[in-house]
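Trainee: Take a look at the following structure, please.
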Amino acid sequence: MNKVYDFLVIGSGLAGLSFTLKAADYGKVAMLTKVDLLETNTSYAQGGIAAVTYKPDTYNKHIEDTIIAGNNLCNREVVEMVVREAPTEIQQLIDWGARFDRESSGKFDLAKEGGHSEHRILHHKDNTGYEIQRALSARIRSHPNVDVFEYHFAIDLITQHHLGKLVKRIHSDTECYGVYAINLKTHEINTFLSKATLVATGGAGNLYTTTTNPLIATGDGIAMVYRAKGTVENMEFFQFHPTSLYNPGERPSFLITEALRGFGGILKTVDGKEFMHKYDKRSSLAPRDIVARAIDNEMKVRGDDYVYLDCTHLAAEELKKNFPNIYEKCLTIGCDFTKDMIPVVPAAHYLCGGIKVDRNGKTWIKRLYAAGETASTGMHGANRLASNSLIEAVVYADRAAKDAIEQIKNVEIQNNIPEWDDKGTTHPEEMVLITQNYKEVQQIFSVYVGIVRSNLRLKRALDRLEIIYKETEQLYRKSKLSKQLCELRNLINVGYLIIKMAMRREESIGLHYNIDYPPSV
Ligand SMILES: Cc1cc2nc3c(=O)[nH]c(=O)nc-3n(C[C@H](O)[C@H](O)[C@H](O)COP(=O)(O)OP(=O)(O)OC[C@H]3O[C@@H](n4cnc5c(N)ncnc54)[C@H](O)[C@@H]3O)c2cc1C
């Protein structure tokens, strides 16, 4: 039977949660999440959330810092809007129960991160994301107007295409009526119908072998919108965090914060030699993208699997006091970072591009909104400034909710939607057909479409991906649907978009570095 709601929200991270809490005062909301409510990228965010609070900080400084980080490819109007609306949304998070650390005077304890000219990062210890997720999830669970559907995997958006009508990509009049989703506990495919739908499915870090993103980050929303003939942009800009703990097989990779380098940690090759001075006069304190490229180059040239972050010369007690979580984590792999160097590698971290939206979070498909990491708003340009993603998510969720609340007054539920046409009757003979292709996709992207690219590498990646695409489509057509198969298919779609957009950008800028186009100095 169809499940009918005013609002449908796909994703339970900060974007989905905050949209839901606002929309739920105006209608019934269904929130779908493919795992449980708490397993999101949001829960893993450590550093904090950026907003201007006290002088000497100003909106203009935050705006300029964002645009400089984004290599002037940001949309200035969007940056101004997000920065100016940020303080109101921070207050909203506090009203919903999120706690941020304060000094004894009662003022916020603001941190400063790379690229920020002022202290402006609100945080809760070193687990800010989890604190926000905890507070908002508790409210969602008790809200009478919200039905949470955990372990429900959204497969595809429902559009006119499902009514047998032709949908074109350009000048599209496509409308979204809801989504088909697999109940992962019963394996039934449900039809969710809505007046307005929000895609808030987060990033796609699992395209790469090493990522800080949890397993949920497979770009599902972007792939769904692309298949429904929506518009996707800026996919070539994938941010890598320079230092995650090298611990093969561990997913997600554990993030080693930049603050450790700020504290005096020095990057070294496996034979103990410093190398960052060869790449930038700021050495180990150079910006994220430069450090990530330098590490990548050293590893490739030397054939090593990792480099070291050396903190052994720093005061042991201070280190343990300031970085207790990192200390504990390193001990689990037998590394006491007061005595041993920490093995680190860059890890795929944040997707700047995604589903194109306007300033109200509207996509190019009617009745469909997107917010959070899955959306491309114009805020990040060619490189995201640290701690700007949580604030972008909450500002856009607010704008999308306000717009959707108005829009649903004039639309009706589309009732004549057919049930999901489950053509597949068989289970794949062997799961390995899916899991091996998943690994191959990750290897292709890590080696050819990672931190440093070239025209030849991109072409090679496209050719390889084509083979896996064909195999996977065949499997998809004849098999019973599973989460694993759908995620693989989505990663292939997202990967295709990254390669195509990377090929189209004939320059090196920000996060897109192609050795065939040396950056202009
Ligand atoms: C280790 C780490 C540290 C970070 N630190 C910071 C930081 O300090 N500051 C900052 O600003 N940003 C940080 N980020 C980035 C930030 O956390 C994310 O960009 C942000 O949380 C994304 O929120 P979201 O709501 O868009 O998506 P997410 O929080 O990722 O939520 C996505 C949701 O979508 C659901 N979903 C996905 N696909 C489907 C599907 N097919 N069907 C149903 N549900 C689906 C998932 O189950 C999940 O509920 C960090 C990220 C990581 C990984």
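Here's how to read the names in the structure tokens: chain A, B, ... by the order shown, residue numbers from 1 in each chain, ligand numbers from 1 in the order shown.
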Write out as a list in words the set of residues from region 57-165 of chain A that DSSP, computed on the backbone, places in strand (DSSP E or B).
Mentor: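 Matching residues, listed in order: Arg102, Phe108, Ala111, Ile121, Leu122, Val146, Asp147, Val148, Phe149, His152, Phe153, Ala154, Ile155, Asp156, Leu157 and Ile158 of chain A.
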Trainee: Could the residues in this selection be written to a file with C-alpha atoms, as an mmCIF file, in the first residue's frame?
Mentor:
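Done, and the output landed in out.cif:
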```
data_model
loop_
_atom_site.group_PDB
_atom_site.id
_atom_site.type_symbol
_atom_site.label_atom_id
_atom_site.label_comp_id
_atom_site.auth_asym_id
_atom_site.auth_seq_id
_atom_site.Cartn_x
_atom_site.Cartn_y
_atom_site.Cartn_z
ATOM 1 C CA ARG A 102 31.766 27.770 26.449
ATOM 2 C CA PHE A 108 31.491 30.393 23.214
ATOM 3 C CA ALA A 111 38.333 27.367 17.657
ATOM 4 C CA ILE A 121 34.336 27.461 14.993
ATOM 5 C CA LEU A 122 31.715 26.501 17.563
ATOM 6 C CA VAL A 146 7.176 12.582 12.026
ATOM 7 C CA ASP A 147 7.320 8.908 11.056
ATOM 8 C CA VAL A 148 10.892 7.616 10.921
ATOM 9 C CA PHE A 149 11.562 4.709 8.550
ATOM 10 C CA HIS A 152 14.576 1.918 4.275
ATOM 11 C CA PHE A 153 16.720 2.322 1.181
ATOM 12 C CA ALA A 154 15.497 4.842 -1.421
ATOM 13 C CA ILE A 155 15.981 3.305 -4.873
ATOM 14 C CA ASP A 156 14.625 5.852 -7.314
ATOM 15 C CA LEU A 157 12.603 9.055 -7.417
ATOM 16 C CA ILE A 158 9.092 8.731 -8.835
#
```
Trainee: Between A:Asp336, A:Glu113, A:Glu318, A:Glu175, single out the one closest to ligand 1, counting only C-alpha atoms and all ligand atoms.
Mentor: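 Using only C-alpha atoms and all ligand atoms, ligand 1 sits closest to A:Glu113.
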Trainee: Excluding same-chain residues fewer than 3 positions from Lys459 (chain A), what lies within 10 Å of it counting only C-alpha atoms, as an mmCIF file with C-alpha atoms, in the first residue's frame?
Mentor:
```
data_model
loop_
_atom_site.group_PDB
_atom_site.id
_atom_site.type_symbol
_atom_site.label_atom_id
_atom_site.label_comp_id
_atom_site.auth_asym_id
_atom_site.auth_seq_id
_atom_site.Cartn_x
_atom_site.Cartn_y
_atom_site.Cartn_z
ATOM 1 C CA TYR A 448 43.218 7.417 -11.537
ATOM 2 C CA VAL A 449 40.725 9.999 -10.235
ATOM 3 C CA SER A 454 45.943 13.466 -15.802
ATOM 4 C CA ASN A 455 44.050 13.242 -19.083
ATOM 5 C CA LEU A 456 45.391 9.729 -19.622
ATOM 6 C CA LEU A 462 36.353 5.968 -17.940
ATOM 7 C CA ASP A 463 37.203 2.931 -20.056
ATOM 8 C CA ARG A 464 37.439 0.680 -17.004
ATOM 9 C CA LEU A 465 34.255 2.091 -15.497
ATOM 10 C CA ILE A 499 35.192 11.686 -14.550
ATOM 11 C CA LYS A 500 33.140 13.507 -17.181
ATOM 12 C CA MET A 503 37.622 15.811 -18.250
#
```
Trainee: Given only C-alpha atoms and all ligand atoms as the basis, pick out the residue of A:Gln443, A:Thr312, A:Asn145, A:Ser482 nearest to ligand 1.
Mentor: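 Smallest separation from ligand 1 among the options: A:Ser482.
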Trainee: Sorted by chain and rising residue number, list the residues of region 82-176 of chain A at most 10 Å from region 251-260 of chain A (counting only C-alpha atoms), each with its closest atom pair and distance in Å to one decimal, as CSV.
Mentor:
```
residue,atom,partner,partner_atom,distance
A:Lys112,CA,A:Ala259,CA,9.3
A:Glu113,CA,A:Ala259,CA,7.7
A:Gly114,CA,A:Glu258,CA,7.9
A:Asp126,CA,A:Thr257,CA,9.6
```
Trainee: Take the residues from that selection and write them out as a PDB file, in the first residue's frame, keeping all heavy atoms.
Mentor:
```pdb
ATOM      1  N   LYS A 112      39.900  27.938  15.925  1.00  0.00           N
ATOM      2  CA  LYS A 112      40.308  28.492  14.629  1.00  0.00           C
ATOM      3  C   LYS A 112      40.854  27.346  13.795  1.00  0.00           C
ATOM      4  O   LYS A 112      41.634  26.539  14.304  1.00  0.00           O
ATOM      5  CB  LYS A 112      41.380  29.543  14.872  1.00  0.00           C
ATOM      6  CG  LYS A 112      41.771  30.333  13.649  1.00  0.00           C
ATOM      7  CD  LYS A 112      42.716  31.454  14.045  1.00  0.00           C
ATOM      8  CE  LYS A 112      43.266  32.132  12.804  1.00  0.00           C
ATOM      9  NZ  LYS A 112      44.312  33.105  13.120  1.00  0.00           N
ATOM     10  N   GLU A 113      40.425  27.264  12.547  1.00  0.00           N
ATOM     11  CA  GLU A 113      40.930  26.175  11.688  1.00  0.00           C
ATOM     12  C   GLU A 113      41.599  26.755  10.452  1.00  0.00           C
ATOM     13  O   GLU A 113      41.441  27.947  10.153  1.00  0.00           O
ATOM     14  CB  GLU A 113      39.766  25.261  11.273  1.00  0.00           C
ATOM     15  CG  GLU A 113      39.244  24.423  12.424  1.00  0.00           C
ATOM     16  CD  GLU A 113      38.155  23.457  11.996  1.00  0.00           C
ATOM     17  OE1 GLU A 113      37.430  23.753  11.030  1.00  0.00           O
ATOM     18  OE2 GLU A 113      38.034  22.400  12.642  1.00  0.00           O
ATOM     19  N   GLY A 114      42.318  25.889   9.717  1.00  0.00           N
ATOM     20  CA  GLY A 114      43.041  26.310   8.521  1.00  0.00           C
ATOM     21  C   GLY A 114      42.146  27.101   7.569  1.00  0.00           C
ATOM     22  O   GLY A 114      41.026  26.689   7.289  1.00  0.00           O
ATOM     23  N   ASP A 126      35.586  17.293  20.856  1.00  0.00           N
ATOM     24  CA  ASP A 126      35.993  16.990  19.479  1.00  0.00           C
ATOM     25  C   ASP A 126      34.974  16.054  18.821  1.00  0.00           C
ATOM     26  O   ASP A 126      35.308  15.257  17.956  1.00  0.00           O
ATOM     27  CB  ASP A 126      37.425  16.424  19.399  1.00  0.00           C
ATOM     28  CG  ASP A 126      37.595  15.145  20.209  1.00  0.00           C
ATOM     29  OD1 ASP A 126      36.614  14.726  20.860  1.00  0.00           O
ATOM     30  OD2 ASP A 126      38.693  14.563  20.182  1.00  0.00           O
TER      31      ASP A 126
END
```
Trainee: Taking the DSSP assignment computed from this structure's backbone, write out as a VMD selection string all residues of region 123-259 of chain A that belong to alpha helix (DSSP H).
Mentor: chain A and resid 128 to 142 220 to 227 259
Trainee: Which polymer residues have any atom within 9 Å of an atom of region 401-408 of chain A, counting only C-alpha atoms, with same-chain residues fewer than 5 positions away left out, as number ranges by chain?
Mentor: A: 6-7, 18-20, 22-23, 26-27, 195-198, 360-362, 367-369, 396
Trainee: Generate the output file for the selected residues, C-alpha atoms, as a PDB file, in the first residue's frame.
Mentor:
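The resulting file, result_10.pdb, is reproduced below:
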```
ATOM      1  CA  ASP A   6       3.008  15.999   2.949  1.00  0.00           C
ATOM      2  CA  PHE A   7       6.800  15.955   3.121  1.00  0.00           C
ATOM      3  CA  SER A  18      16.642  20.227  10.550  1.00  0.00           C
ATOM      4  CA  PHE A  19      14.338  20.327   7.492  1.00  0.00           C
ATOM      5  CA  THR A  20      12.073  17.781   9.175  1.00  0.00           C
ATOM      6  CA  LYS A  22      10.715  22.776  10.625  1.00  0.00           C
ATOM      7  CA  ALA A  23       8.354  21.124   8.130  1.00  0.00           C
ATOM      8  CA  TYR A  26       3.008  22.238   8.897  1.00  0.00           C
ATOM      9  CA  GLY A  27       2.274  18.654   7.884  1.00  0.00           C
ATOM     10  CA  LYS A 195       3.782  16.789  -1.997  1.00  0.00           C
ATOM     11  CA  ALA A 196       7.415  17.836  -1.521  1.00  0.00           C
ATOM     12  CA  THR A 197      10.561  15.701  -1.239  1.00  0.00           C
ATOM     13  CA  LEU A 198      13.987  16.568   0.172  1.00  0.00           C
ATOM     14  CA  ASN A 360      15.853  27.941  -1.704  1.00  0.00           C
ATOM     15  CA  GLY A 361      17.331  24.481  -2.088  1.00  0.00           C
ATOM     16  CA  LYS A 362      15.085  23.762  -5.103  1.00  0.00           C
ATOM     17  CA  ARG A 367       8.616  19.441  -5.972  1.00  0.00           C
ATOM     18  CA  LEU A 368      12.150  18.242  -5.243  1.00  0.00           C
ATOM     19  CA  TYR A 369      14.660  19.907  -2.894  1.00  0.00           C
ATOM     20  CA  TYR A 396      19.781  25.410   3.214  1.00  0.00           C
TER      21      TYR A 396
END
```
Trainee: Nearest to ligand 1: which of A:Gly178, A:Gly205, A:Gly106, A:Pro242 is it, counting only C-alpha atoms and all ligand atoms?
Mentor: A:Gly205
Trainee: Please list as a count of residues only every residue within 12 Å of region 80-86 of chain A, counting only C-alpha atoms and excluding residues in the same chain fewer than 2 positions away.
Mentor: 48
Trainee: Quick one: residues within 7 Å of Val345 (chain A), only C-alpha atoms, excluding same-chain residues fewer than 3 positions away - as number ranges by chain?
Mentor: A: 242-246, 306-307
Trainee: When distances are computed from only C-alpha atoms and all ligand atoms, which of A:Lys320, A:His162, A:Lys483, A:Lys423 shows the smallest separation from ligand 1?
Mentor: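 Between A:Lys320, A:His162, A:Lys483, A:Lys423, the residue approaching ligand 1 most closely is A:Lys483.
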Trainee: Do a neighbour search on His241 (chain A) at 12 Å with only C-alpha atoms, toss out local chain neighbours closer than 4 positions, and write the hits as a PDB file with N, CA and C atoms, in the first residue's frame.
Mentor:
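Written out: out.pdb:
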```
ATOM      1  N   GLY A 205      32.035   9.381  -0.279  1.00  0.00           N
ATOM      2  CA  GLY A 205      33.438   9.029   0.002  1.00  0.00           C
ATOM      3  C   GLY A 205      33.775   7.589  -0.327  1.00  0.00           C
ATOM      4  N   THR A 210      40.223   4.682   0.488  1.00  0.00           N
ATOM      5  CA  THR A 210      40.420   5.254   1.827  1.00  0.00           C
ATOM      6  C   THR A 210      39.530   6.475   1.977  1.00  0.00           C
ATOM      7  N   THR A 211      38.657   6.438   2.967  1.00  0.00           N
ATOM      8  CA  THR A 211      37.746   7.566   3.172  1.00  0.00           C
ATOM      9  C   THR A 211      37.424   7.729   4.651  1.00  0.00           C
ATOM     10  N   THR A 212      37.177   8.976   5.036  1.00  0.00           N
ATOM     11  CA  THR A 212      36.731   9.249   6.407  1.00  0.00           C
ATOM     12  C   THR A 212      35.217   9.057   6.528  1.00  0.00           C
ATOM     13  N   ASN A 213      34.544   8.874   5.394  1.00  0.00           N
ATOM     14  CA  ASN A 213      33.070   8.792   5.401  1.00  0.00           C
ATOM     15  C   ASN A 213      32.597   7.409   5.846  1.00  0.00           C
ATOM     16  N   LEU A 245      44.421   7.987   9.770  1.00  0.00           N
ATOM     17  CA  LEU A 245      45.274   6.926  10.323  1.00  0.00           C
ATOM     18  C   LEU A 245      45.404   5.779   9.321  1.00  0.00           C
ATOM     19  N   SER A 253      38.054   5.488   7.665  1.00  0.00           N
ATOM     20  CA  SER A 253      39.384   5.751   8.208  1.00  0.00           C
ATOM     21  C   SER A 253      39.274   6.783   9.321  1.00  0.00           C
ATOM     22  N   PHE A 254      40.096   6.613  10.328  1.00  0.00           N
ATOM     23  CA  PHE A 254      40.050   7.525  11.481  1.00  0.00           C
ATOM     24  C   PHE A 254      40.797   8.816  11.132  1.00  0.00           C
ATOM     25  N   LEU A 255      40.124   9.936  11.349  1.00  0.00           N
ATOM     26  CA  LEU A 255      40.692  11.234  10.981  1.00  0.00           C
ATOM     27  C   LEU A 255      41.719  11.685  12.015  1.00  0.00           C
ATOM     28  N   ILE A 256      42.889  12.103  11.539  1.00  0.00           N
ATOM     29  CA  ILE A 256      43.889  12.721  12.436  1.00  0.00           C
ATOM     30  C   ILE A 256      43.832  14.219  12.164  1.00  0.00           C
ATOM     31  N   THR A 257      43.266  14.940  13.106  1.00  0.00           N
ATOM     32  CA  THR A 257      42.949  16.352  12.879  1.00  0.00           C
ATOM     33  C   THR A 257      44.179  17.201  12.514  1.00  0.00           C
ATOM     34  N   GLU A 258      43.893  18.247  11.721  1.00  0.00           N
ATOM     35  CA  GLU A 258      44.940  19.205  11.360  1.00  0.00           C
ATOM     36  C   GLU A 258      45.540  19.883  12.584  1.00  0.00           C
ATOM     37  N   PRO A 287      48.086  24.621   3.411  1.00  0.00           N
ATOM     38  CA  PRO A 287      46.662  24.268   3.323  1.00  0.00           C
ATOM     39  C   PRO A 287      46.445  22.795   2.946  1.00  0.00           C
ATOM     40  N   ARG A 288      45.247  22.324   3.308  1.00  0.00           N
ATOM     41  CA  ARG A 288      44.874  20.925   3.132  1.00  0.00           C
ATOM     42  C   ARG A 288      45.213  20.337   1.760  1.00  0.00           C
ATOM     43  N   ASP A 289      44.823  21.045   0.701  1.00  0.00           N
ATOM     44  CA  ASP A 289      44.980  20.454  -0.635  1.00  0.00           C
ATOM     45  C   ASP A 289      46.461  20.309  -0.992  1.00  0.00           C
ATOM     46  N   ILE A 290      47.289  21.273  -0.558  1.00  0.00           N
ATOM     47  CA  ILE A 290      48.728  21.208  -0.871  1.00  0.00           C
ATOM     48  C   ILE A 290      49.369  20.053  -0.097  1.00  0.00           C
ATOM     49  N   VAL A 291      49.010  19.919   1.171  1.00  0.00           N
ATOM     50  CA  VAL A 291      49.582  18.826   1.985  1.00  0.00           C
ATOM     51  C   VAL A 291      49.151  17.474   1.410  1.00  0.00           C
ATOM     52  N   ALA A 292      47.875  17.357   1.045  1.00  0.00           N
ATOM     53  CA  ALA A 292      47.375  16.085   0.496  1.00  0.00           C
ATOM     54  C   ALA A 292      48.124  15.727  -0.787  1.00  0.00           C
ATOM     55  N   ARG A 293      48.348  16.707  -1.645  1.00  0.00           N
ATOM     56  CA  ARG A 293      49.061  16.442  -2.916  1.00  0.00           C
ATOM     57  C   ARG A 293      50.515  16.049  -2.657  1.00  0.00           C
ATOM     58  N   ILE A 295      51.779  14.609   0.041  1.00  0.00           N
ATOM     59  CA  ILE A 295      51.839  13.241   0.592  1.00  0.00           C
ATOM     60  C   ILE A 295      51.606  12.236  -0.536  1.00  0.00           C
ATOM     61  N   ASP A 296      50.612  12.516  -1.356  1.00  0.00           N
ATOM     62  CA  ASP A 296      50.291  11.625  -2.476  1.00  0.00           C
ATOM     63  C   ASP A 296      51.518  11.454  -3.371  1.00  0.00           C
ATOM     64  N   VAL A 344      50.166   7.808   8.495  1.00  0.00           N
ATOM     65  CA  VAL A 344      48.970   8.505   7.975  1.00  0.00           C
ATOM     66  C   VAL A 344      48.905   8.443   6.449  1.00  0.00           C
ATOM     67  N   VAL A 345      47.682   8.536   5.933  1.00  0.00           N
ATOM     68  CA  VAL A 345      47.451   8.620   4.473  1.00  0.00           C
ATOM     69  C   VAL A 345      46.319   9.623   4.224  1.00  0.00           C
ATOM     70  N   PRO A 346      46.294  10.245   3.043  1.00  0.00           N
ATOM     71  CA  PRO A 346      45.139  11.089   2.709  1.00  0.00           C
ATOM     72  C   PRO A 346      43.885  10.223   2.521  1.00  0.00           C
ATOM     73  N   ALA A 347      42.728  10.808   2.787  1.00  0.00           N
ATOM     74  CA  ALA A 347      41.469  10.064   2.657  1.00  0.00           C
ATOM     75  C   ALA A 347      40.403  10.942   2.022  1.00  0.00           C
ATOM     76  N   ALA A 348      39.588  10.336   1.149  1.00  0.00           N
ATOM     77  CA  ALA A 348      38.474  11.078   0.540  1.00  0.00           C
ATOM     78  C   ALA A 348      37.550  11.553   1.662  1.00  0.00           C
ATOM     79  N   HIS A 349      37.153  12.832   1.609  1.00  0.00           N
ATOM     80  CA  HIS A 349      36.528  13.421   2.803  1.00  0.00           C
ATOM     81  C   HIS A 349      35.214  14.129   2.504  1.00  0.00           C
ATOM     82  N   TYR A 350      35.185  14.939   1.445  1.00  0.00           N
ATOM     83  CA  TYR A 350      33.987  15.782   1.254  1.00  0.00           C
ATOM     84  C   TYR A 350      33.782  16.086  -0.228  1.00  0.00           C
ATOM     85  N   LEU A 351      32.552  15.902  -0.686  1.00  0.00           N
ATOM     86  CA  LEU A 351      32.221  16.193  -2.084  1.00  0.00           C
ATOM     87  C   LEU A 351      31.633  17.604  -2.177  1.00  0.00           C
ATOM     88  N   ASN A 383      36.907  24.473  -3.574  1.00  0.00           N
ATOM     89  CA  ASN A 383      37.491  23.888  -2.363  1.00  0.00           C
ATOM     90  C   ASN A 383      36.699  24.382  -1.148  1.00  0.00           C
ATOM     91  N   ARG A 384      36.321  23.456  -0.282  1.00  0.00           N
ATOM     92  CA  ARG A 384      35.503  23.839   0.886  1.00  0.00           C
ATOM     93  C   ARG A 384      36.394  24.344   2.027  1.00  0.00           C
ATOM     94  N   LEU A 385      35.976  25.439   2.612  1.00  0.00           N
ATOM     95  CA  LEU A 385      36.639  25.930   3.820  1.00  0.00           C
ATOM     96  C   LEU A 385      36.199  25.055   4.997  1.00  0.00           C
ATOM     97  N   ALA A 386      37.158  24.673   5.852  1.00  0.00           N
ATOM     98  CA  ALA A 386      36.859  23.771   6.976  1.00  0.00           C
ATOM     99  C   ALA A 386      35.665  24.286   7.789  1.00  0.00           C
ATOM    100  N   GLY A 450      42.044  10.434  -8.240  1.00  0.00           N
ATOM    101  CA  GLY A 450      42.227  10.862  -6.852  1.00  0.00           C
ATOM    102  C   GLY A 450      42.702  12.295  -6.765  1.00  0.00           C
ATOM    103  N   ILE A 451      43.730  12.487  -5.941  1.00  0.00           N
ATOM    104  CA  ILE A 451      44.211  13.837  -5.617  1.00  0.00           C
ATOM    105  C   ILE A 451      44.897  14.474  -6.820  1.00  0.00           C
ATOM    106  N   LEU A 511      40.546  21.801  -5.819  1.00  0.00           N
ATOM    107  CA  LEU A 511      40.680  20.362  -5.567  1.00  0.00           C
ATOM    108  C   LEU A 511      40.889  19.552  -6.842  1.00  0.00           C
TER     109      LEU A 511
END
```
Trainee: Please, what distance in Å, to one decimal, runs between CA of Val35 (chain A) and CA of Leu488 (chain A)?
Mentor: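 The value is 16.5 Å.
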Trainee: Nearest to Ser194 (chain A) among A:Lys439, A:Lys480, A:Lys3, A:Lys470, with distances taken over only C-alpha atoms: which residue is it?
Mentor: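 Looking only at the distances to Ser194 (chain A), the closest residue turns out to be A:Lys3.
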